[in-house]
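Reading through the C-alpha cells given below for one structure.
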Amino acid sequence: MTDRRILLRRIPDGTPRPEDFEVAEAPPGPPLGPGQVRVRAEWLSLDPYVRALLSGRHFLRMPQPGEVLPAKAVARVVESRHATWRTGDRLVLETGLQSSAVSDAADAWRLHPGHVPASTALGILGMPGMTAYFGLLDVGQVRAGEVVLVSSAAGPVGSMVGQIAMLKGARAIGIAGSAEKCDWVRRVARFEACIDYRREDVDARLRELAPDGVHVFFDNTGGDLQHTVIGRRHLALGARVVLCGLVTQYNLKEAPPGPNLGVLMASRAKILPMVVYDYEHRREEFLREALAWHGAGRLAFKEDIVEGLEAAPAHFCRLMRGENFGKSLIRL
Ligand SMILES: NC(=O)c1ccc[n+]([C@@H]2O[C@H](COP(=O)([O-])OP(=O)(O)OC[C@H]3O[C@@H](n4cnc5c(N)ncnc54)[C@H](OP(=O)(O)O)[C@@H]3O)[C@@H](O)[C@H]2O)c1
C-alpha cells in the first residue's frame, strides 16, 4: 500500500477549491527515533478551523504551501519506540492529512472501548463534543429551565450543545441551513425546535419560540445570525453568548464589521470566548459523562463520510461551502 498525503498547493482565495490542494505520494517515513511511534490512520477528521488557519487569522500557525494539511486521526500504532504505546494500540492524535505518520505522540490518548464507532472519537466524543460540553457547561454556565440557542445545530459541536442542554434540563433551539438538517435536529437529536435560516425569518421565529429571550446563545457562525440574535434583542436578562466559531468568516479575506454592542447593556449580557484547548486537562471529566450518555443511547450523531485520502480535498471544500451534513470524516 502506497502512503499518501494531502499537501497545500496554495492559500485558497475565498471558498476553497480542490485545486488548492494536491494528493502526493509520501516518501517512506524515517527510521523511528527514541520516543516515537509510526501510526497508520484509520479515520481522519476534517474541521472548519483548518480554513481559519489558512486565512492567517487563527491564533495557531498558518500552514504554508507544500506542507501537509493539519488533521486529527484515529490511528493504529504499527511500530513503536515509545515508553507508553505498543504496536497495535489505537490512538487519537494529530497526524496531518496523511495515511501514515511518525509522531512523538505528545498529544495522543488511547481510544476508549466506549468510542463506538471509533470515528466518534473525532466527533461527538472527541474535540467537537468537548467544545460543546465545556462551552455550554463551563463557559455558558447553563442552568435547568433556561433556553439555549445554537447555530450550525446539525454539526458535531452544535448537535452536542443542544443535546447536552436537554440532558441538563434546559430547552434547546437549533438554527441550521436546510429543511433536511432541521428535520434531523428536531426528530433525531430531539431539539425542541430548529429554525431553517435560509427559508424562515429568524427574528420572527425567535420571537415565537423564546418570547422572553435566550439565556445561552452558543454562536458557531457569527455573521447575519449573530447580528439578528444580538442586534434584534433576543438575549434574556443576564444572557451568556458563547463565542465558539465564526464559520461565516473563514472564507473571507477581511473580517467583516461586528454587531453594535450597545444592545448588550439592556440585557446585561456577556460575550464569552470559548477555546477547547483550554480544557485539555479536563478531558476525562468530559469523557466520563459523554461516554455514559453515549453508552445509554442518549446521544444522536450524524457523520458525513467519504472513502480514501484522494477524496479529502473535495470533501473539505464541501465542508467549507456548508454542504456537509454531520461530522466530516475520511475513512481509510
Ligand atoms: N472554539 C473552539 O474551541 C472550537 C472547537 C471546535 C469547533 N469550533 C467551531 O465550531 C463551529 C462548528 O464546528 P463543527 O466542527 O461542529 O462543524 P460544522 O458545524 O459541521 O461546520 C460546518 C457547518 O457550518 C455551517 N455554516 C454556516 N455558514 C457557513 C459558511 N459561510 N460556510 C460554511 N459553513 C457554514 C453549515 O451548516 P448550516 O447549513 O447549518 O449553516 C456547515 O454545514 C465552527 O465555527 C468551528 O470553527 C470551535
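Letters for chains follow the order of the C-alpha cells (A, B, ...), residue numbers begin at 1 for each chain, and ligand numbers begin at 1 in the order shown.
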
Given 7 Å and only C-alpha atoms and all ligand atoms, residues near ligand 1 as a PDB file with N, CA and C atoms, in the first residue's frame:
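Once everything was written out, this is out03.pdb:
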```pdb
ATOM      1  N   ASP A  47     -12.000  19.607   9.719  1.00  0.00           N
ATOM      2  CA  ASP A  47     -12.598  20.570  10.647  1.00  0.00           C
ATOM      3  C   ASP A  47     -12.534  21.978  10.073  1.00  0.00           C
ATOM      4  N   PRO A  48     -13.595  22.787  10.320  1.00  0.00           N
ATOM      5  CA  PRO A  48     -13.633  24.140   9.766  1.00  0.00           C
ATOM      6  C   PRO A  48     -12.453  25.017  10.192  1.00  0.00           C
ATOM      7  N   TYR A  49     -11.880  24.762  11.374  1.00  0.00           N
ATOM      8  CA  TYR A  49     -10.805  25.655  11.835  1.00  0.00           C
ATOM      9  C   TYR A  49      -9.595  25.624  10.894  1.00  0.00           C
ATOM     10  N   MET A 127     -12.913  16.139  20.034  1.00  0.00           N
ATOM     11  CA  MET A 127     -12.722  17.588  20.163  1.00  0.00           C
ATOM     12  C   MET A 127     -14.028  18.386  19.995  1.00  0.00           C
ATOM     13  N   PRO A 128     -14.857  18.107  18.968  1.00  0.00           N
ATOM     14  CA  PRO A 128     -16.091  18.897  18.850  1.00  0.00           C
ATOM     15  C   PRO A 128     -17.045  18.695  20.034  1.00  0.00           C
ATOM     16  N   THR A 131     -15.807  20.563  22.994  1.00  0.00           N
ATOM     17  CA  THR A 131     -16.070  22.002  22.818  1.00  0.00           C
ATOM     18  C   THR A 131     -17.488  22.326  23.277  1.00  0.00           C
ATOM     19  N   SER A 151     -26.316  27.805  16.833  1.00  0.00           N
ATOM     20  CA  SER A 151     -26.252  27.830  15.364  1.00  0.00           C
ATOM     21  C   SER A 151     -25.424  26.639  14.872  1.00  0.00           C
ATOM     22  N   SER A 152     -25.550  26.340  13.569  1.00  0.00           N
ATOM     23  CA  SER A 152     -24.932  25.143  12.976  1.00  0.00           C
ATOM     24  C   SER A 152     -25.310  23.906  13.805  1.00  0.00           C
ATOM     25  N   ALA A 153     -26.611  23.783  14.047  1.00  0.00           N
ATOM     26  CA  ALA A 153     -27.106  22.800  15.014  1.00  0.00           C
ATOM     27  C   ALA A 153     -27.026  21.358  14.538  1.00  0.00           C
ATOM     28  N   ALA A 154     -26.826  21.144  13.231  1.00  0.00           N
ATOM     29  CA  ALA A 154     -26.716  19.761  12.745  1.00  0.00           C
ATOM     30  C   ALA A 154     -25.263  19.291  12.723  1.00  0.00           C
ATOM     31  N   GLY A 155     -24.332  20.177  13.049  1.00  0.00           N
ATOM     32  CA  GLY A 155     -22.905  19.817  13.050  1.00  0.00           C
ATOM     33  C   GLY A 155     -22.540  19.128  14.355  1.00  0.00           C
ATOM     34  N   PRO A 156     -21.309  18.600  14.438  1.00  0.00           N
ATOM     35  CA  PRO A 156     -20.922  17.874  15.647  1.00  0.00           C
ATOM     36  C   PRO A 156     -20.923  18.738  16.910  1.00  0.00           C
ATOM     37  N   VAL A 157     -20.460  19.989  16.818  1.00  0.00           N
ATOM     38  CA  VAL A 157     -20.486  20.852  18.008  1.00  0.00           C
ATOM     39  C   VAL A 157     -21.938  21.215  18.334  1.00  0.00           C
ATOM     40  N   GLY A 158     -22.637  21.746  17.338  1.00  0.00           N
ATOM     41  CA  GLY A 158     -23.998  22.243  17.574  1.00  0.00           C
ATOM     42  C   GLY A 158     -24.951  21.168  18.054  1.00  0.00           C
ATOM     43  N   ILE A 175     -30.482  26.293  15.058  1.00  0.00           N
ATOM     44  CA  ILE A 175     -30.577  27.014  13.787  1.00  0.00           C
ATOM     45  C   ILE A 175     -29.718  26.221  12.807  1.00  0.00           C
ATOM     46  N   ALA A 176     -30.262  25.903  11.633  1.00  0.00           N
ATOM     47  CA  ALA A 176     -29.472  25.160  10.641  1.00  0.00           C
ATOM     48  C   ALA A 176     -29.893  25.580   9.240  1.00  0.00           C
ATOM     49  N   GLY A 177     -29.070  25.146   8.230  1.00  0.00           N
ATOM     50  CA  GLY A 177     -29.180  25.717   6.896  1.00  0.00           C
ATOM     51  C   GLY A 177     -29.988  24.944   5.873  1.00  0.00           C
ATOM     52  N   SER A 178     -30.821  23.994   6.271  1.00  0.00           N
ATOM     53  CA  SER A 178     -31.714  23.350   5.296  1.00  0.00           C
ATOM     54  C   SER A 178     -32.849  22.662   6.045  1.00  0.00           C
ATOM     55  N   LYS A 181     -31.605  19.300   7.379  1.00  0.00           N
ATOM     56  CA  LYS A 181     -30.829  19.405   8.619  1.00  0.00           C
ATOM     57  C   LYS A 181     -31.766  19.682   9.800  1.00  0.00           C
ATOM     58  N   ASN A 220     -21.877  29.499  16.709  1.00  0.00           N
ATOM     59  CA  ASN A 220     -20.886  28.747  15.920  1.00  0.00           C
ATOM     60  C   ASN A 220     -20.564  29.416  14.593  1.00  0.00           C
ATOM     61  N   THR A 221     -21.283  30.485  14.252  1.00  0.00           N
ATOM     62  CA  THR A 221     -21.169  31.007  12.894  1.00  0.00           C
ATOM     63  C   THR A 221     -20.778  32.479  12.787  1.00  0.00           C
ATOM     64  N   CYS A 244     -18.006  30.692  19.954  1.00  0.00           N
ATOM     65  CA  CYS A 244     -17.277  29.433  19.727  1.00  0.00           C
ATOM     66  C   CYS A 244     -16.662  29.360  18.344  1.00  0.00           C
ATOM     67  N   GLY A 245     -17.370  29.833  17.321  1.00  0.00           N
ATOM     68  CA  GLY A 245     -16.844  29.720  15.956  1.00  0.00           C
ATOM     69  C   GLY A 245     -17.412  30.812  15.081  1.00  0.00           C
ATOM     70  N   LEU A 246     -16.674  31.127  14.032  1.00  0.00           N
ATOM     71  CA  LEU A 246     -17.093  32.199  13.111  1.00  0.00           C
ATOM     72  C   LEU A 246     -17.028  31.664  11.687  1.00  0.00           C
ATOM     73  N   VAL A 247     -17.687  30.527  11.472  1.00  0.00           N
ATOM     74  CA  VAL A 247     -17.509  29.824  10.190  1.00  0.00           C
ATOM     75  C   VAL A 247     -17.932  30.688   8.993  1.00  0.00           C
ATOM     76  N   THR A 248     -18.811  31.668   9.201  1.00  0.00           N
ATOM     77  CA  THR A 248     -19.199  32.533   8.069  1.00  0.00           C
ATOM     78  C   THR A 248     -18.044  33.440   7.620  1.00  0.00           C
ATOM     79  N   GLN A 249     -16.996  33.533   8.438  1.00  0.00           N
ATOM     80  CA  GLN A 249     -15.889  34.448   8.096  1.00  0.00           C
ATOM     81  C   GLN A 249     -14.660  33.750   7.535  1.00  0.00           C
ATOM     82  N   MET A 274     -14.784  30.922  23.757  1.00  0.00           N
ATOM     83  CA  MET A 274     -14.554  29.508  24.103  1.00  0.00           C
ATOM     84  C   MET A 274     -13.429  28.953  23.235  1.00  0.00           C
ATOM     85  N   VAL A 275     -12.409  28.375  23.850  1.00  0.00           N
ATOM     86  CA  VAL A 275     -11.338  27.704  23.101  1.00  0.00           C
ATOM     87  C   VAL A 275     -11.121  26.334  23.733  1.00  0.00           C
ATOM     88  N   VAL A 276     -11.364  25.299  22.962  1.00  0.00           N
ATOM     89  CA  VAL A 276     -11.394  23.935  23.514  1.00  0.00           C
ATOM     90  C   VAL A 276     -10.050  23.531  24.118  1.00  0.00           C
ATOM     91  N   TYR A 277      -8.941  24.055  23.566  1.00  0.00           N
ATOM     92  CA  TYR A 277      -7.621  23.653  24.072  1.00  0.00           C
ATOM     93  C   TYR A 277      -7.447  24.027  25.549  1.00  0.00           C
ATOM     94  N   LEU A 319     -17.303  20.917   2.955  1.00  0.00           N
ATOM     95  CA  LEU A 319     -17.479  21.388   4.339  1.00  0.00           C
ATOM     96  C   LEU A 319     -17.453  22.909   4.360  1.00  0.00           C
ATOM     97  N   MET A 320     -16.511  23.507   3.607  1.00  0.00           N
ATOM     98  CA  MET A 320     -16.356  24.956   3.661  1.00  0.00           C
ATOM     99  C   MET A 320     -17.358  25.688   2.758  1.00  0.00           C
ATOM    100  N   ARG A 321     -18.179  24.942   2.010  1.00  0.00           N
ATOM    101  CA  ARG A 321     -19.349  25.565   1.363  1.00  0.00           C
ATOM    102  C   ARG A 321     -20.591  25.366   2.224  1.00  0.00           C
ATOM    103  N   GLY A 322     -20.423  24.738   3.388  1.00  0.00           N
ATOM    104  CA  GLY A 322     -21.553  24.492   4.287  1.00  0.00           C
ATOM    105  C   GLY A 322     -22.429  23.349   3.816  1.00  0.00           C
ATOM    106  N   GLU A 323     -21.917  22.493   2.913  1.00  0.00           N
ATOM    107  CA  GLU A 323     -22.767  21.430   2.351  1.00  0.00           C
ATOM    108  C   GLU A 323     -22.625  20.099   3.075  1.00  0.00           C
ATOM    109  N   ASN A 324     -21.738  20.037   4.068  1.00  0.00           N
ATOM    110  CA  ASN A 324     -21.659  18.797   4.853  1.00  0.00           C
ATOM    111  C   ASN A 324     -22.920  18.661   5.684  1.00  0.00           C
ATOM    112  N   PHE A 325     -23.239  17.415   6.018  1.00  0.00           N
ATOM    113  CA  PHE A 325     -24.374  17.167   6.911  1.00  0.00           C
ATOM    114  C   PHE A 325     -23.847  16.196   7.955  1.00  0.00           C
ATOM    115  N   GLY A 326     -23.407  16.736   9.089  1.00  0.00           N
ATOM    116  CA  GLY A 326     -22.795  15.922  10.137  1.00  0.00           C
ATOM    117  C   GLY A 326     -21.281  16.051  10.118  1.00  0.00           C
ATOM    118  N   LYS A 327     -20.639  15.289  10.979  1.00  0.00           N
ATOM    119  CA  LYS A 327     -19.182  15.359  11.149  1.00  0.00           C
ATOM    120  C   LYS A 327     -18.468  14.889   9.873  1.00  0.00           C
ATOM    121  N   SER A 328     -17.597  15.736   9.330  1.00  0.00           N
ATOM    122  CA  SER A 328     -16.864  15.428   8.092  1.00  0.00           C
ATOM    123  C   SER A 328     -15.696  14.490   8.386  1.00  0.00           C
TER     124      SER A 328
END
```

Could you list, as a PyMOL selection string, every residue within 10 Å of Leu237 of chain A, counting only C-alpha atoms and ignoring same-chain residues fewer than 2 positions away? chain A and resi 212-215+234-235+239-240+264-269

Hey, what does DSSP flag as helix (DSSP H, G or I) within segment 200-275 of chain A? Can you give it to me as a list in words? Val202, Asp203, Ala204, Arg205, Leu206, Arg207, Glu208, Leu209, Gly223, Asp224, Leu225, Gln226, His227, Thr228, Val229, Ile230, Gly231, Val263, Leu264, Met265, Ala266 and Ser267 of chain A

Export, as a PDB file, in the first residue's frame, the selected residues with C-alpha atoms.
```
ATOM      1  CA  VAL A 202     -35.118  34.013  12.213  1.00  0.00           C
ATOM      2  CA  ASP A 203     -36.171  37.168  14.058  1.00  0.00           C
ATOM      3  CA  ALA A 204     -39.890  36.343  13.850  1.00  0.00           C
ATOM      4  CA  ARG A 205     -39.396  32.656  14.723  1.00  0.00           C
ATOM      5  CA  LEU A 206     -37.293  33.548  17.779  1.00  0.00           C
ATOM      6  CA  ARG A 207     -39.982  35.909  18.982  1.00  0.00           C
ATOM      7  CA  GLU A 208     -42.440  32.988  18.840  1.00  0.00           C
ATOM      8  CA  LEU A 209     -40.168  30.319  20.300  1.00  0.00           C
ATOM      9  CA  GLY A 223     -22.382  36.733  10.567  1.00  0.00           C
ATOM     10  CA  ASP A 224     -26.034  37.609   9.966  1.00  0.00           C
ATOM     11  CA  LEU A 225     -27.322  35.176  12.592  1.00  0.00           C
ATOM     12  CA  GLN A 226     -25.188  36.820  15.264  1.00  0.00           C
ATOM     13  CA  HIS A 227     -26.477  40.228  14.176  1.00  0.00           C
ATOM     14  CA  THR A 228     -30.068  39.004  14.392  1.00  0.00           C
ATOM     15  CA  VAL A 229     -29.778  37.296  17.775  1.00  0.00           C
ATOM     16  CA  ILE A 230     -27.783  40.052  19.478  1.00  0.00           C
ATOM     17  CA  GLY A 231     -28.861  43.094  17.465  1.00  0.00           C
ATOM     18  CA  VAL A 263     -27.544  46.471  22.873  1.00  0.00           C
ATOM     19  CA  LEU A 264     -25.709  44.293  25.413  1.00  0.00           C
ATOM     20  CA  MET A 265     -26.259  46.972  28.042  1.00  0.00           C
ATOM     21  CA  ALA A 266     -30.017  46.471  28.075  1.00  0.00           C
ATOM     22  CA  SER A 267     -29.680  42.709  28.623  1.00  0.00           C
TER      23      SER A 267
END
```

Residues near Ser159 of chain A, cut-off 9 Å, only C-alpha atoms, skip fewer than 6 positions along chain, as a PyMOL selection string: chain A and resi 124+129+132+150+152-153+174+185+189+191+300-302+326

Using only C-alpha atoms: which of A:Tyr197, A:Ala236, A:Phe316, A:Val92 has the shortest distance to Pro211 of chain A: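 Comparing A:Tyr197, A:Ala236, A:Phe316, A:Val92 against Pro211 of chain A, the winner is A:Ala236.
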
Which residue, A:Lys72, A:Arg4, A:Arg110, A:Arg9, has the smallest gap to Val50 of chain A when you use only C-alpha atoms? A:Lys72

Find the spatial neighbours of Ala71 of chain A, counting only C-alpha atoms, within a cut-off of 10 Å - ignore same-chain residues fewer than 5 positions away - and output them as a list of chain:residue names.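 My reading of the contact set: A:Leu44, A:Ser45, A:Leu46, A:Asp47, A:Val50, A:Leu93, A:Glu94, A:Thr95, A:Gly96, A:Leu97, A:Gln98.
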
Write the residues you've just listed into a file as an mmCIF file, in the first residue's frame, and include N, CA and C atoms for each of them.
```
data_model
loop_
_atom_site.group_PDB
_atom_site.id
_atom_site.type_symbol
_atom_site.label_atom_id
_atom_site.label_comp_id
_atom_site.auth_asym_id
_atom_site.auth_seq_id
_atom_site.Cartn_x
_atom_site.Cartn_y
_atom_site.Cartn_z
ATOM 1 N N LEU A 44 -9.692 10.050 9.466
ATOM 2 C CA LEU A 44 -9.118 11.399 9.527
ATOM 3 C C LEU A 44 -10.264 12.397 9.622
ATOM 4 N N SER A 45 -10.022 13.441 10.398
ATOM 5 C CA SER A 45 -11.069 14.432 10.658
ATOM 6 C C SER A 45 -10.854 15.680 9.801
ATOM 7 N N LEU A 46 -11.933 16.182 9.216
ATOM 8 C CA LEU A 46 -11.871 17.485 8.538
ATOM 9 C C LEU A 46 -12.623 18.482 9.417
ATOM 10 N N ASP A 47 -12.000 19.607 9.719
ATOM 11 C CA ASP A 47 -12.598 20.570 10.647
ATOM 12 C C ASP A 47 -12.534 21.978 10.073
ATOM 13 N N VAL A 50 -9.467 24.530 10.124
ATOM 14 C CA VAL A 50 -8.319 24.446 9.199
ATOM 15 C C VAL A 50 -8.418 25.558 8.151
ATOM 16 N N LEU A 93 -4.792 11.177 17.752
ATOM 17 C CA LEU A 93 -3.672 12.129 17.780
ATOM 18 C C LEU A 93 -3.615 12.946 16.503
ATOM 19 N N GLU A 94 -2.835 14.003 16.544
ATOM 20 C CA GLU A 94 -2.626 14.831 15.352
ATOM 21 C C GLU A 94 -1.628 14.105 14.455
ATOM 22 N N THR A 95 -2.034 13.840 13.199
ATOM 23 C CA THR A 95 -1.114 13.191 12.251
ATOM 24 C C THR A 95 -0.909 14.041 11.016
ATOM 25 N N GLY A 96 -1.819 15.006 10.769
ATOM 26 C CA GLY A 96 -1.883 15.643 9.462
ATOM 27 C C GLY A 96 -2.712 14.763 8.539
ATOM 28 N N LEU A 97 -3.069 15.325 7.393
ATOM 29 C CA LEU A 97 -3.953 14.614 6.458
ATOM 30 C C LEU A 97 -3.117 13.649 5.617
ATOM 31 N N GLN A 98 -2.781 12.497 6.221
ATOM 32 C CA GLN A 98 -1.943 11.523 5.531
ATOM 33 C C GLN A 98 -2.237 10.126 6.064
#
```

Nearest to Leu329 of chain A: which of A:Ala73, A:Pro12, A:Gly140, A:Met130 is it, counting only C-alpha atoms?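 Result for the nearest residue to Leu329 of chain A: A:Ala73.
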
What parts of segment 28-205 of chain A does DSSP call strand (DSSP E or B)? I'd like the answer as a PyMOL selection string. chain A and resi 37-45+68+72-80+90-94+98+100-103+109-110+147-151+171-176+193-196

Within 6 Å of segment 162-173 of chain A, counting only C-alpha atoms, which residues show up once you throw out same-chain ones fewer than 4 positions away? Write them as a list in words, please.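 Contacts, in chain order: Ala144, Gly145, Glu146, Val147, Val148, Leu149, Phe191, Glu192, Ala193 and Cys194 of chain A.
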
A:Arg288, A:Arg186, A:Arg283, A:Arg298 ranked by distance to Phe134 of chain A, top pick (using only C-alpha atoms):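 Residue with the minimum atom-to-atom distance to Phe134 of chain A: A:Arg283.
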
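With only C-alpha atoms as the atoms that count, the residue of A:Arg17, A:Arg5, A:Arg282, A:Lys270 with the shortest distance to Gly66 of chain A is A:Arg5.
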
Closest of A:Arg143, A:Leu8, A:Pro16, A:Val216 to Met62 of chain A - atom-to-atom distances counting only C-alpha atoms: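 Using only C-alpha atoms, the shortest distance to Met62 of chain A belongs to A:Leu8.
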